[in-house]
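For reference, the structure discussed in these notes is given below.
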Amino acid sequence: QVRLVESGGDSVQAGRSLRLSCALSGQSTDYIYWMAWFRQRPGKEREGVAAVNTISLNTYYSVSAEGRFTISVDKSQNTLDLLMNNLRPEDTAMYYCATRRPTTLMAGSRWADASEYAFWGRGTQVTVSS
């Protein structure tokens, strides 16, 4: 059974950085072809932040995350990270790690569709104050 556990969330001031980490267990990243970070802001729907194709290592970002966030996968550690720089108050949200079922492919254009992902962590809270 795939299990995802996020960590690294914190309360910080605007302009600071945070690194979120997601530990994958129950399956190797060698067989998980897509991993992603989503977030849910208060009163909003869950939205895709960034994703990585673990075969090609192609990365995908939301407009808001582009240029500020960096997603990376460490296959030796079975972890997925999200480095978030220049944080803004509007980045305040619960951040979730997600993966597709093992050995399943997906078109890159679908990366931000939450329904494409089968496994989710419980989330880690990020709060950014101005």
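A note on labels: chains of the structure tokens are A, B, ... as shown, every chain counts residues from 1, and ligands are counted from 1 in their shown order.
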Problem - Test item: residues at most 9 Å from A:Glu6, only C-alpha atoms, excluding those fewer than 6 positions along its chain, as a list in words - result: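 My reading of the contact set: Leu20, Ser21, Cys22, Ala23, Tyr95, Tyr96, Cys97, Gly121, Arg122, Gly123 and Thr124 of chain A.
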Exercise for the section: Skip A:Gly48 itself and residues of its chain fewer than 2 positions away, then list as a list in words all residues within 9 Å of it, counting only C-alpha atoms. Expected result: Ala36, Trp37, Phe38, Arg39, Gln40, Arg46, Ala50, Ala51, Tyr61, Ser62, Trp111, Ala112, Asp113 and Ala114 of chain A
Take the residues from that selection and write them out as a tab-separated table (two decimals), in the first residue's frame, keeping C-alpha atoms.
```
chain	number	residue	atom	x	y	z
A	36	ALA	CA	2.86	16.14	-7.45
A	37	TRP	CA	2.19	18.81	-4.87
A	38	PHE	CA	-1.27	20.25	-4.46
A	39	ARG	CA	-2.54	22.84	-2.04
A	40	GLN	CA	-5.86	23.88	-0.62
A	46	ARG	CA	-7.59	21.93	-4.11
A	50	ALA	CA	3.84	21.42	-9.22
A	51	ALA	CA	4.40	17.95	-10.62
A	61	TYR	CA	4.26	24.35	-12.39
A	62	SER	CA	1.20	26.47	-11.83
A	111	TRP	CA	-0.75	17.11	-14.24
A	112	ALA	CA	-2.90	19.53	-12.25
A	113	ASP	CA	-6.07	17.41	-12.29
A	114	ALA	CA	-6.47	16.01	-8.78
```
Fill in the blank from the handout: Counting only C-alpha atoms, closest pick from A:Ala98, A:Val5, A:Val126, A:Leu57 relative to A:Met35 is A:Ala98
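Reported to one decimal place, the separation of atom CA of A:Leu24 from atom CA of A:Thr79 is 5.9 Å.
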Exercise for the section: Could you please determine the separation between atom CA of A:Tyr60 and atom CA of A:Tyr33 in Å, to one decimal place? Expected result: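 The value is 13.6 Å.
For the atom pair formed by atom CA of A:Gln13 and atom CA of A:Gly43, the distance is 21.5 Å, given to one decimal.
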Exercise for the section: Measuring atom to atom with only C-alpha atoms, identify which of A:Asp30, A:Thr103, A:Ser7, A:Asn86 is nearest to A:Ala65. Expected result: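 Of all the options, A:Asn86 lies closest to A:Ala65.
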Practice task
Could you give me, as a ChimeraX atom specification, each residue of chain A that DSSP assigns to helix (DSSP H, G or I) when run on this structure's backbone?
Solution key: /A:89-91,108-110,114-116
May I have the selected residues written with N, CA and C atoms, as a PDB file, in the first residue's frame?
```pdb
ATOM      1  N   PRO A  89       1.693  35.869   1.237  1.00  0.00           N
ATOM      2  CA  PRO A  89       0.539  35.503   2.081  1.00  0.00           C
ATOM      3  C   PRO A  89      -0.458  34.610   1.357  1.00  0.00           C
ATOM      4  N   GLU A  90      -0.607  34.793   0.056  1.00  0.00           N
ATOM      5  CA  GLU A  90      -1.560  33.973  -0.701  1.00  0.00           C
ATOM      6  C   GLU A  90      -1.085  32.538  -0.895  1.00  0.00           C
ATOM      7  N   ASP A  91       0.141  32.231  -0.483  1.00  0.00           N
ATOM      8  CA  ASP A  91       0.607  30.843  -0.505  1.00  0.00           C
ATOM      9  C   ASP A  91       0.150  30.072   0.734  1.00  0.00           C
ATOM     10  N   GLY A 108       1.069  14.893 -19.867  1.00  0.00           N
ATOM     11  CA  GLY A 108       1.562  16.004 -19.067  1.00  0.00           C
ATOM     12  C   GLY A 108       0.538  17.105 -18.866  1.00  0.00           C
ATOM     13  N   SER A 109      -0.351  17.225 -19.833  1.00  0.00           N
ATOM     14  CA  SER A 109      -1.368  18.280 -19.751  1.00  0.00           C
ATOM     15  C   SER A 109      -2.348  18.042 -18.611  1.00  0.00           C
ATOM     16  N   ARG A 110      -2.356  16.832 -18.054  1.00  0.00           N
ATOM     17  CA  ARG A 110      -3.305  16.478 -16.991  1.00  0.00           C
ATOM     18  C   ARG A 110      -2.693  16.635 -15.606  1.00  0.00           C
ATOM     19  N   ALA A 114      -6.563  16.822  -9.993  1.00  0.00           N
ATOM     20  CA  ALA A 114      -6.470  16.008  -8.777  1.00  0.00           C
ATOM     21  C   ALA A 114      -7.048  14.614  -8.967  1.00  0.00           C
ATOM     22  N   SER A 115      -8.020  14.457  -9.848  1.00  0.00           N
ATOM     23  CA  SER A 115      -8.651  13.145 -10.060  1.00  0.00           C
ATOM     24  C   SER A 115      -7.688  12.155 -10.716  1.00  0.00           C
ATOM     25  N   GLU A 116      -6.579  12.619 -11.243  1.00  0.00           N
ATOM     26  CA  GLU A 116      -5.599  11.728 -11.874  1.00  0.00           C
ATOM     27  C   GLU A 116      -4.711  11.023 -10.844  1.00  0.00           C
TER      28      GLU A 116
END
```
Practice task
Quick one: everything within 8 Å of A:Asp10, counting only C-alpha atoms, minus sequence neighbours fewer than 5 positions away in the same chain. Send it as JSON, numbers by chain.
Solution key: {"A": [18, 125, 126, 127]}
Handout entry: Residues flagged strand (DSSP E) by DSSP in chain A, as a VMD selection string
Key = chain A and resid 3 to 7 11 to 13 18 to 25 34 to 40 47 to 53 59 to 61 69 to 74 79 to 84 93 to 99 119 to 120 124 to 129
Practice task
Compare A:Met84, A:Gly8, A:Thr104, A:Lys75 by their minimum atom-to-atom distance to A:Ala118, counting only C-alpha atoms, and give me the closest one.
Solution key: A:Thr104
Practice task
Mind checking which residues fall within 8 Å of A:Val73, counting only C-alpha atoms, ignoring those fewer than 3 positions away in the same chain, and posting them as an MDAnalysis selection string?
Solution key: chainID A and resid 52 54 78:81
Handout entry: Selected residue of minimal separation from A:Trp34 among A:Ser17, A:Ser72, A:Ser64, A:Gln1, counting only C-alpha atoms
Key =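 Among the listed residues, A:Ser72 lies closest to A:Trp34.
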